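Below is model-v3.cif, holding mmCIF, C-alpha atoms.
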data_run
#
loop_
_atom_site.label_atom_id
_atom_site.label_comp_id
_atom_site.auth_asym_id
_atom_site.auth_seq_id
_atom_site.Cartn_x
_atom_site.Cartn_y
_atom_site.Cartn_z
CA PRO A 1 -45.64 -0.87 -12.62
CA ILE A 2 -42.36 -1.47 -14.50
CA LYS A 3 -40.39 0.31 -11.76
CA CYS A 4 -42.07 -1.71 -9.03
CA GLN A 5 -41.45 -4.91 -10.95
CA ARG A 6 -37.73 -4.05 -11.24
CA GLU A 7 -37.53 -3.22 -7.55
CA GLU A 8 -39.10 -6.56 -6.67
CA GLN A 9 -36.66 -8.32 -8.99
CA MET A 10 -33.72 -6.56 -7.31
CA LYS A 11 -35.02 -7.53 -3.86
CA SER A 12 -35.35 -11.13 -5.00
CA LEU A 13 -31.83 -11.15 -6.40
CA THR A 14 -30.48 -9.72 -3.14
CA LYS A 15 -32.26 -12.41 -1.13
CA ILE A 16 -30.97 -15.13 -3.45
CA LEU A 17 -27.39 -13.81 -3.16
CA ALA A 18 -27.59 -13.59 0.63
CA SER A 19 -28.97 -17.13 0.79
CA ALA A 20 -26.24 -18.47 -1.48
CA VAL A 21 -23.48 -16.76 0.52
CA SER A 22 -24.95 -18.05 3.77
CA GLY A 23 -24.99 -21.55 2.34
CA ILE A 24 -21.31 -21.35 1.39
CA ILE A 25 -20.40 -20.00 4.81
CA CYS A 26 -22.47 -22.51 6.78
CA ALA A 27 -20.87 -25.38 4.89
CA SER A 28 -17.44 -24.21 6.07
CA THR A 29 -18.08 -23.08 9.64
CA ALA A 30 -16.47 -25.00 12.48
CA LEU A 31 -18.66 -25.96 15.46
CA ALA A 32 -16.19 -25.46 18.31
CA ALA A 33 -15.58 -21.70 18.05
CA ASP A 34 -17.47 -19.10 20.07
CA PHE A 35 -17.29 -16.59 17.19
CA THR A 36 -16.92 -16.94 13.42
CA PHE A 37 -15.20 -14.31 11.26
CA THR A 38 -16.10 -14.82 7.61
CA TYR A 39 -14.00 -12.79 5.18
CA GLY A 40 -14.15 -12.29 1.40
CA GLN A 41 -11.95 -10.57 -1.20
CA SER A 42 -11.49 -10.38 -4.98
CA GLN A 43 -7.83 -11.35 -5.15
CA PRO A 44 -6.54 -14.96 -5.05
CA GLU A 45 -5.00 -16.55 -1.98
CA SER A 46 -1.56 -16.27 -3.59
CA SER A 47 -1.74 -12.44 -3.69
CA SER A 48 -0.12 -10.27 -1.02
CA ARG A 49 -3.60 -9.47 0.29
CA GLY A 50 -4.48 -13.15 0.30
CA GLN A 51 -1.29 -14.17 2.11
CA SER A 52 -1.83 -11.48 4.74
CA MET A 53 -5.27 -12.95 5.40
CA VAL A 54 -3.84 -16.46 5.68
CA PHE A 55 -1.59 -14.99 8.39
CA PHE A 56 -4.60 -13.29 9.99
CA GLU A 57 -6.53 -16.56 10.09
CA LYS A 58 -3.66 -18.53 11.62
CA GLU A 59 -2.78 -15.93 14.24
CA VAL A 60 -6.31 -14.99 15.33
CA GLU A 61 -7.26 -18.62 15.78
CA ALA A 62 -4.04 -19.39 17.68
CA ARG A 63 -4.06 -16.33 19.96
CA SER A 64 -7.76 -16.74 20.74
CA ASN A 65 -7.21 -20.43 21.54
CA GLY A 66 -9.79 -21.32 18.91
CA ARG A 67 -12.51 -19.05 20.28
CA ILE A 68 -12.59 -17.24 16.93
CA ASP A 69 -12.86 -19.31 13.75
CA VAL A 70 -11.67 -17.38 10.67
CA GLN A 71 -13.10 -18.42 7.30
CA ASN A 72 -11.36 -16.85 4.29
CA PHE A 73 -12.92 -16.79 0.82
CA PHE A 74 -10.78 -15.61 -2.12
CA ASP A 75 -11.21 -14.98 -5.85
CA ASN A 76 -14.68 -13.39 -5.69
CA THR A 77 -16.17 -16.59 -4.24
CA LEU A 78 -18.69 -14.50 -2.31
CA GLY A 79 -19.36 -11.96 -5.06
CA THR A 80 -17.92 -8.69 -6.39
CA GLU A 81 -16.15 -6.18 -4.13
CA GLN A 82 -19.35 -4.11 -3.93
CA GLU A 83 -21.38 -7.17 -3.00
CA MET A 84 -18.85 -8.25 -0.37
CA TYR A 85 -18.81 -4.77 1.13
CA ASP A 86 -22.61 -4.84 1.36
CA GLN A 87 -22.49 -8.31 2.93
CA MET A 88 -20.00 -7.06 5.52
CA ALA A 89 -22.03 -3.95 6.27
CA THR A 90 -25.21 -5.96 6.80
CA GLY A 91 -23.54 -8.73 8.82
CA ILE A 92 -23.85 -11.59 6.31
CA ILE A 93 -20.06 -11.77 6.48
CA GLN A 94 -17.81 -10.09 9.04
CA GLY A 95 -14.92 -8.67 7.05
CA THR A 96 -13.60 -7.60 3.66
CA ARG A 97 -10.97 -5.46 1.96
CA GLY A 98 -11.32 -3.72 -1.38
CA GLY A 99 -12.27 -0.50 -3.11
CA PHE A 100 -15.32 0.65 -1.17
CA PHE A 101 -13.60 1.96 1.96
CA ALA A 102 -14.95 5.49 1.42
CA ASN A 103 -18.37 4.14 2.40
CA ALA A 104 -16.93 3.75 5.89
CA ASN A 105 -15.26 7.18 5.89
CA PRO A 106 -14.90 9.48 2.85
CA GLN A 107 -11.63 10.80 4.35
CA PHE A 108 -10.04 7.62 3.02
CA ASN A 109 -10.28 9.28 -0.42
CA ILE A 110 -7.28 11.43 0.55
CA PHE A 111 -5.07 8.35 0.19
CA LEU A 112 -6.23 7.97 -3.43
CA LEU A 113 -5.08 11.42 -4.54
CA PRO A 114 -2.71 11.11 -7.51
CA PHE A 115 0.95 11.79 -6.70
CA LEU A 116 0.11 12.38 -3.03
CA THR A 117 3.30 10.57 -1.98
CA ALA A 118 6.70 10.05 -3.60
CA GLY A 119 6.66 6.27 -3.29
CA TRP A 120 6.38 3.27 -1.00
CA ASP A 121 8.31 4.73 1.94
CA GLU A 122 6.13 7.82 2.20
CA MET A 123 2.91 5.87 1.70
CA ARG A 124 3.82 3.33 4.40
CA CYS A 125 4.68 6.24 6.67
CA LEU A 126 1.25 7.76 6.00
CA VAL A 127 -0.78 4.60 6.70
CA GLY A 128 1.16 4.07 9.93
CA SER A 129 0.62 7.62 11.18
CA ASP A 130 -1.56 9.23 13.84
CA PHE A 131 -3.48 10.88 11.01
CA THR A 132 -4.56 7.49 9.70
CA ASP A 133 -5.52 6.43 13.23
CA THR A 134 -7.98 9.33 13.36
CA VAL A 135 -9.46 8.38 9.97
CA GLU A 136 -9.93 4.78 11.14
CA ALA A 137 -11.50 5.87 14.42
CA ALA A 138 -13.98 8.09 12.55
CA ALA A 139 -15.33 5.19 10.45
CA GLY A 140 -19.11 4.98 10.43
CA ASN A 141 -21.98 3.15 8.73
CA GLY A 142 -21.56 0.14 10.98
CA VAL A 143 -17.91 -0.47 10.12
CA HIS A 144 -14.94 -0.97 12.45
CA VAL A 145 -11.46 -0.31 10.97
CA PRO A 146 -8.67 -1.75 13.13
CA ALA A 147 -5.78 -1.14 10.70
CA THR A 148 -4.88 0.24 7.27
CA GLY A 149 -2.17 -0.71 4.81
CA VAL A 150 -1.17 0.32 1.29
CA SER A 151 -3.45 -0.91 -1.48
CA GLN A 152 -1.14 -3.55 -3.00
CA GLY A 153 1.16 -1.07 -4.71
CA PHE A 154 1.21 1.84 -7.12
CA ARG A 155 -1.09 1.85 -10.13
CA MET A 156 0.11 1.55 -13.71
CA TYR A 157 -1.83 1.68 -16.98
CA THR A 158 -2.25 -1.23 -19.37
CA ASN A 159 -4.02 -1.03 -22.73
CA ASN A 160 -4.17 -2.49 -26.23
CA VAL A 161 -3.84 0.71 -28.28
CA ARG A 162 -0.59 2.57 -27.48
CA PRO A 163 2.00 3.25 -24.76
CA ILE A 164 1.06 6.02 -22.31
CA ASN A 165 3.87 8.59 -22.27
CA GLN A 166 1.83 11.73 -21.60
CA VAL A 167 -1.59 12.21 -20.02
CA SER A 168 -2.85 13.18 -23.49
CA ASP A 169 -2.24 9.58 -24.62
CA LEU A 170 -5.29 8.58 -22.57
CA GLN A 171 -7.56 10.69 -24.77
CA GLY A 172 -10.11 8.51 -26.55
CA LEU A 173 -9.19 5.31 -24.70
CA LYS A 174 -11.95 3.36 -22.96
CA ILE A 175 -10.40 2.85 -19.53
CA ARG A 176 -12.01 0.70 -16.84
CA GLU A 177 -12.37 2.41 -13.49
CA PRO A 178 -13.47 1.01 -10.12
CA GLN A 179 -17.14 1.73 -9.47
CA THR A 180 -16.59 4.64 -7.07
CA ASP A 181 -17.18 8.35 -7.60
CA PHE A 182 -13.65 9.36 -6.63
CA PHE A 183 -11.92 7.07 -9.13
CA ILE A 184 -14.28 8.28 -11.83
CA ALA A 185 -13.52 11.93 -11.01
CA VAL A 186 -9.77 11.31 -11.25
CA ALA A 187 -10.18 9.50 -14.56
CA GLU A 188 -12.29 12.30 -16.02
CA SER A 189 -9.55 14.80 -15.15
CA MET A 190 -7.13 12.73 -17.26
CA GLY A 191 -9.38 12.70 -20.32
CA SER A 192 -10.05 9.00 -20.82
CA ILE A 193 -13.45 7.53 -21.68
CA VAL A 194 -14.52 6.34 -18.25
CA THR A 195 -15.93 2.81 -18.08
CA PRO A 196 -16.88 1.73 -14.54
CA MET A 197 -16.64 -2.04 -14.14
CA ALA A 198 -16.02 -4.68 -11.47
CA PHE A 199 -12.46 -5.99 -11.37
CA SER A 200 -13.72 -9.55 -11.82
CA GLU A 201 -15.14 -8.61 -15.25
CA LEU A 202 -11.91 -7.19 -16.69
CA TYR A 203 -10.38 -10.22 -18.40
CA GLN A 204 -13.46 -11.04 -20.44
CA ALA A 205 -14.01 -7.36 -21.26
CA PHE A 206 -10.54 -7.19 -22.83
CA LYS A 207 -11.11 -10.41 -24.77
CA THR A 208 -14.28 -9.00 -26.29
CA GLY A 209 -12.87 -5.49 -26.85
CA VAL A 210 -15.46 -3.76 -24.67
CA ILE A 211 -12.68 -1.65 -23.13
CA ASP A 212 -9.14 -0.65 -24.13
CA GLY A 213 -7.32 -0.46 -20.83
CA GLN A 214 -7.24 -0.23 -17.05
CA HIS A 215 -4.89 0.69 -14.21
CA ASN A 216 -3.79 -1.45 -11.28
CA PRO A 217 -0.67 -2.37 -9.30
CA PRO A 218 1.57 -5.03 -10.90
CA SER A 219 0.34 -7.68 -8.45
CA ASN A 220 -3.27 -7.31 -9.64
CA ILE A 221 -2.20 -7.23 -13.28
CA TRP A 222 -0.23 -10.45 -12.78
CA ASN A 223 -2.73 -12.32 -10.61
CA ALA A 224 -5.60 -11.58 -13.00
CA LYS A 225 -3.42 -12.62 -15.99
CA LEU A 226 -4.17 -9.37 -17.74
CA TYR A 227 -0.86 -9.75 -19.61
CA GLU A 228 -2.66 -12.37 -21.71
CA VAL A 229 -5.14 -9.79 -23.03
CA GLN A 230 -3.18 -6.50 -22.84
CA LYS A 231 -0.24 -5.37 -24.99
CA TYR A 232 1.16 -2.24 -23.32
CA LEU A 233 2.09 -1.55 -19.69
CA SER A 234 3.03 2.04 -18.76
CA VAL A 235 4.75 2.59 -15.42
CA THR A 236 2.94 5.75 -14.37
CA ASN A 237 2.84 5.15 -10.59
CA HIS A 238 0.17 7.83 -10.57
CA MET A 239 -1.74 6.69 -7.50
CA THR A 240 -2.15 4.02 -4.88
CA GLY A 241 -4.64 4.00 -2.03
CA PRO A 242 -5.47 2.72 1.42
CA ASP A 243 -6.18 -0.91 2.24
CA PRO A 244 -8.20 -0.78 5.46
CA MET A 245 -9.52 -3.92 7.10
CA LEU A 246 -13.29 -3.43 7.11
CA ILE A 247 -15.10 -5.29 9.89
CA ASN A 248 -18.80 -5.38 10.74
CA LYS A 249 -18.98 -3.26 13.89
CA ALA A 250 -21.89 -5.13 15.48
CA TRP A 251 -19.89 -8.36 15.27
CA TYR A 252 -16.78 -6.63 16.64
CA ASP A 253 -18.76 -5.08 19.51
CA SER A 254 -20.10 -8.54 20.40
CA LEU A 255 -16.57 -9.77 21.18
CA PRO A 256 -15.16 -9.72 24.72
CA THR A 257 -12.47 -7.09 25.21
CA ASP A 258 -9.62 -9.59 25.06
CA LEU A 259 -10.76 -10.90 21.67
CA GLN A 260 -11.24 -7.36 20.32
CA GLN A 261 -7.63 -6.68 21.23
CA ILE A 262 -6.46 -9.82 19.43
CA VAL A 263 -8.40 -8.92 16.27
CA ASP A 264 -7.01 -5.38 16.28
CA GLU A 265 -3.41 -6.47 16.92
CA VAL A 266 -3.38 -9.20 14.30
CA ALA A 267 -5.09 -6.96 11.73
CA ASP A 268 -2.31 -4.41 12.17
CA GLU A 269 0.36 -7.10 11.77
CA ALA A 270 -1.42 -8.58 8.74
CA LEU A 271 -1.59 -5.22 6.97
CA LYS A 272 2.11 -4.59 7.61
CA LEU A 273 2.88 -8.04 6.19
CA ASN A 274 0.77 -7.23 3.14
CA ASP A 275 2.80 -4.09 2.48
CA GLU A 276 6.12 -5.92 2.87
CA LEU A 277 5.05 -8.63 0.43
CA ALA A 278 3.59 -6.22 -2.12
CA GLN A 279 6.59 -3.88 -2.10
CA ALA A 280 9.06 -6.76 -2.42
CA ALA A 281 7.12 -8.31 -5.30
CA GLU A 282 6.64 -5.15 -7.36
CA PHE A 283 9.98 -5.06 -9.22
CA LYS A 284 10.04 -8.83 -9.67
CA LEU A 285 6.55 -8.76 -11.16
CA LEU A 286 7.50 -5.95 -13.57
CA ASP A 287 10.32 -8.15 -14.89
CA GLU A 288 7.91 -11.05 -15.34
CA LEU A 289 5.28 -8.86 -17.00
CA GLY A 290 7.99 -7.57 -19.34
CA ALA A 291 8.22 -11.02 -20.87
CA HIS A 292 4.61 -10.68 -22.02
CA MET A 293 4.03 -6.95 -22.52
CA GLU A 294 5.74 -3.87 -23.92
CA ILE A 295 6.72 -1.70 -20.92
CA ASN A 296 7.55 1.99 -20.82
CA THR A 297 8.21 4.39 -17.92
CA LEU A 298 7.08 8.01 -17.76
CA SER A 299 9.70 10.70 -18.26
CA ALA A 300 9.82 13.74 -15.98
CA ASP A 301 7.81 15.66 -18.57
CA GLY A 302 5.28 12.84 -18.68
CA VAL A 303 4.86 12.90 -14.90
CA ALA A 304 4.43 16.69 -15.02
CA SER A 305 1.65 16.35 -17.60
CA PHE A 306 -0.25 13.98 -15.30
CA GLN A 307 0.29 16.19 -12.25
CA ALA A 308 -1.09 19.23 -14.06
CA ALA A 309 -4.16 17.33 -15.25
CA VAL A 310 -5.11 15.96 -11.82
CA ALA A 311 -4.38 19.09 -9.75
CA PRO A 312 -8.07 20.15 -9.70
CA VAL A 313 -9.04 16.81 -8.12
CA TYR A 314 -7.44 17.87 -4.83
CA GLN A 315 -9.79 20.85 -4.49
CA ALA A 316 -12.74 18.86 -5.82
CA GLY A 317 -12.46 16.47 -2.89
CA ILE A 318 -12.60 19.42 -0.49
CA ASP A 319 -15.56 20.94 -2.33
CA ALA A 320 -17.40 17.61 -2.18
CA GLY A 321 -16.88 17.39 1.58
CA HIS A 322 -14.74 14.24 1.47
CA TYR A 323 -12.00 15.95 3.47
CA SER A 324 -10.87 19.42 4.50
CA GLN A 325 -7.77 21.40 3.58
CA ALA A 326 -6.56 20.76 7.12
CA ASP A 327 -6.99 17.00 6.56
CA LEU A 328 -5.03 17.21 3.32
CA ASP A 329 -2.22 19.21 4.96
CA ALA A 330 -2.07 16.72 7.84
CA ALA A 331 -1.89 13.75 5.45
CA MET A 332 0.91 15.29 3.40
CA ALA A 333 2.86 16.14 6.54
CA ALA A 334 2.37 12.61 7.91
CA ALA A 335 3.68 11.07 4.68
CA LYS A 336 6.93 13.00 5.01
CA SER A 337 7.32 12.60 8.77
CA CYS A 338 9.52 9.50 8.44
CA ASN A 339 11.99 11.14 6.01
#
Spit out the file's structure as structure tokens when you get a sec.
Amino acid sequence: PIKCQREEQMKSLTKILASAVSGIICASTALAADFTFTYGQSQPESSSRGQSMVFFEKEVEARSNGRIDVQNFFDNTLGTEQEMYDQMATGIIQGTRGGFFANANPQFNIFLLPFLTAGWDEMRCLVGSDFTDTVEAAAGNGVHVPATGVSQGFRMYTNNVRPINQVSDLQGLKIREPQTDFFIAVAESMGSIVTPMAFSELYQAFKTGVIDGQHNPPSNIWNAKLYEVQKYLSVTNHMTGPDPMLINKAWYDSLPTDLQQIVDEVADEALKLNDELAQAAEFKLLDELGAHMEINTLSADGVASFQAAVAPVYQAGIDAGHYSQADLDAAMAAAKSCN
């Protein structure tokens, strides 16, 4: 009886959330368009991801002569990243970007592998490659992926206990991780106390001391004002990830061919713009964060300690069926193909 009661409560909460989201969307929808593309994300409009979606809205509406009305919702207005992914998958909204891309295709986990690429140039080469095209085309679970970018930059650790100079410095620290199995597996290989949590909950969790630290690109650290509640920032650059545009496939399939082409073309341009903005902002943001936090950069020995700790994760992804050795080899070759 208790289990059934909980299930009914969860169903009720889901219905309430869907109703609330629909109400927000309906209040904003224009009447003249033939199609409406409602999009939600966690980051603010001022972020590189947000600005790329402002571009997407402007260009899709202009090139479609108003036949598609794009409605952007930022700052978790429509819920957490998990909730927005579920809304996109079920057709409540039409698009999102965030951390749950592996639900569309687990091969996207390759892009998360620590130290997979040597930096921005190699990662941008990888997301623009034929290999990535095949990963996008293989998306399932009712998701269309027209383009993929880099996930806002390379991740760095922040915490309130000590600088991270070696992977062993993570031992005993309660580190927030995104709520996905792959992130959790990587974190466990590094020895931290894994604490899965939505990004939107981070600031308050630091204020109350529920967790010690987290890792994100400088843009996310800055936009979420984590410098107000975190003391140390360690430039580890240990991983980044993909940033695919995730679109409800049933909605996409309902578009005439000419509008599908516009959506695909503008998505590709928007993701490239996102990467340009994020890469340009990274060093500037580190300077600004340095005015609020104590910053250190890993030495060569420090990098080597991280690489040794995470090496088993590569094989674990193969063993779990997320990707094959051939996929991994192709991704690594694609990343270096622009050198």
| request: Return as a list in words the set of residues that the PyMOL selection byres ((chain A and resi 149-163) around 6) yields on the displayed structure. | output: Val127, Thr148, Ile164, Asp212, Gly213, Gln214, His215, Asn216, Pro217, Gln230, Lys231, Tyr232, Leu233, Ser234, Val235, Thr236, Asn237, Met239, Thr240, Gly241, Pro242, Asp243, Leu271 and Ala278 of chain A
| message | Set the distance at 12 Å and use all atoms listed in the file: which residues neighbour range 306-308 of chain A once local chain neighbours fewer than 4 positions away are removed? I'd like the list as a ChimeraX atom specification. | response | /A:113-116,164-170,186-187,189-191,236-239,298-302,312-314
| request: Taking the file as shown, find all residues satisfying the PyMOL selection byres ((chain A and resi 85) around 8) and write them as number ranges by chain. | output: A: 81-84, 86-89, 96-98, 100
| said: Since I can't run it myself right now, could you work out what the PyMOL selection byres ((chain A and resi 50-61) around 10) selects here and report it as number ranges by chain? | reply: A: 33, 37, 39-49, 62-75, 259, 262-277
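Of note, CA of Ala333 in chain A and CA of Met123 in chain A are spaced 11.4 Å apart.
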Could you list, with a cut-off of 10 Å and counting all atoms listed in the file, the residues of range 35-147 of chain A near range 248-251 of chain A, each shown with its nearest atom pair and the distance in Å rounded to one decimal, rows sorted by chain and ascending number, as CSV?
residue,atom,partner,partner_atom,distance
A:Phe35,CA,A:Trp251,CA,8.8
A:Thr36,CA,A:Trp251,CA,9.3
A:Phe37,CA,A:Trp251,CA,8.6
A:Tyr85,CA,A:Asn248,CA,9.6
A:Gln87,CA,A:Asn248,CA,9.1
A:Met88,CA,A:Asn248,CA,5.6
A:Ala89,CA,A:Asn248,CA,5.7
A:Thr90,CA,A:Asn248,CA,7.5
A:Gly91,CA,A:Asn248,CA,6.1
A:Ile92,CA,A:Asn248,CA,9.1
A:Ile93,CA,A:Asn248,CA,7.8
A:Gln94,CA,A:Asn248,CA,5.1
A:Gly95,CA,A:Asn248,CA,6.3
A:Thr96,CA,A:Asn248,CA,9.1
A:Ala139,CA,A:Lys249,CA,9.8
A:Gly140,CA,A:Lys249,CA,8.9
A:Asn141,CA,A:Lys249,CA,8.8
A:Gly142,CA,A:Lys249,CA,5.2
A:Val143,CA,A:Lys249,CA,4.8
A:His144,CA,A:Lys249,CA,4.9
A:Val145,CA,A:Lys249,CA,8.6
Could you turn the residues from that selection into a file that holds C-alpha atoms, as an mmCIF file, keeping the file's coordinate frame?
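See result03.cif below for the written result:
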data_model
loop_
_atom_site.group_PDB
_atom_site.id
_atom_site.type_symbol
_atom_site.label_atom_id
_atom_site.label_comp_id
_atom_site.auth_asym_id
_atom_site.auth_seq_id
_atom_site.Cartn_x
_atom_site.Cartn_y
_atom_site.Cartn_z
ATOM 1 C CA PHE A 35 -17.290 -16.590 17.190
ATOM 2 C CA THR A 36 -16.920 -16.940 13.420
ATOM 3 C CA PHE A 37 -15.200 -14.310 11.260
ATOM 4 C CA TYR A 85 -18.810 -4.770 1.130
ATOM 5 C CA GLN A 87 -22.490 -8.310 2.930
ATOM 6 C CA MET A 88 -20.000 -7.060 5.520
ATOM 7 C CA ALA A 89 -22.030 -3.950 6.270
ATOM 8 C CA THR A 90 -25.210 -5.960 6.800
ATOM 9 C CA GLY A 91 -23.540 -8.730 8.820
ATOM 10 C CA ILE A 92 -23.850 -11.590 6.310
ATOM 11 C CA ILE A 93 -20.060 -11.770 6.480
ATOM 12 C CA GLN A 94 -17.810 -10.090 9.040
ATOM 13 C CA GLY A 95 -14.920 -8.670 7.050
ATOM 14 C CA THR A 96 -13.600 -7.600 3.660
ATOM 15 C CA ALA A 139 -15.330 5.190 10.450
ATOM 16 C CA GLY A 140 -19.110 4.980 10.430
ATOM 17 C CA ASN A 141 -21.980 3.150 8.730
ATOM 18 C CA GLY A 142 -21.560 0.140 10.980
ATOM 19 C CA VAL A 143 -17.910 -0.470 10.120
ATOM 20 C CA HIS A 144 -14.940 -0.970 12.450
ATOM 21 C CA VAL A 145 -11.460 -0.310 10.970
#
| Neighbour list for Arg176 in chain A as a PyMOL selection string, cut-off 7 Å, all atoms listed in the file, skip fewer than 3 positions in-chain | chain A and resi 194-197+211+213-214
| query | What is the distance between CA of Asp327 in chain A and CA of Phe131 in chain A, in Å to one decimal? | reply | 8.3 Å
| Got a sec: who's within 10 Å of Leu289 in chain A, counting all atoms listed in the file, leaving out chain neighbours fewer than 6 positions off, as a ChimeraX atom specification? | /A:218-219,221-222,225-228,233,283,295
So that I have them on file, write out the residues from the current selection with C-alpha atoms, as a PDB file, in the frame of the given file.
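To be explicit, this is the file written out as out-v8.pdb:
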ATOM      1  CA  PRO A 218       1.570  -5.030 -10.900  1.00  0.00           C
ATOM      2  CA  SER A 219       0.340  -7.680  -8.450  1.00  0.00           C
ATOM      3  CA  ILE A 221      -2.200  -7.230 -13.280  1.00  0.00           C
ATOM      4  CA  TRP A 222      -0.230 -10.450 -12.780  1.00  0.00           C
ATOM      5  CA  LYS A 225      -3.420 -12.620 -15.990  1.00  0.00           C
ATOM      6  CA  LEU A 226      -4.170  -9.370 -17.740  1.00  0.00           C
ATOM      7  CA  TYR A 227      -0.860  -9.750 -19.610  1.00  0.00           C
ATOM      8  CA  GLU A 228      -2.660 -12.370 -21.710  1.00  0.00           C
ATOM      9  CA  LEU A 233       2.090  -1.550 -19.690  1.00  0.00           C
ATOM     10  CA  PHE A 283       9.980  -5.060  -9.220  1.00  0.00           C
ATOM     11  CA  ILE A 295       6.720  -1.700 -20.920  1.00  0.00           C
TER      12      ILE A 295
END
| If you measure from CA of Gly290 in chain A to CA of Phe206 in chain A, what distance in Å do you get, rounded to one decimal? | 18.9 Å
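Considering the residues A:Leu173, A:Asn223, A:Ser337, A:Leu126 and counting all atoms listed in the file, Glu288 in chain A has its shortest atom-to-atom contact with A:Asn223.
With only C-alpha atoms as the atoms that count, the residue of A:Ala280, A:Ala331, A:Met293, A:Ala326 with the shortest distance to Glu122 in chain A is A:Ala331.
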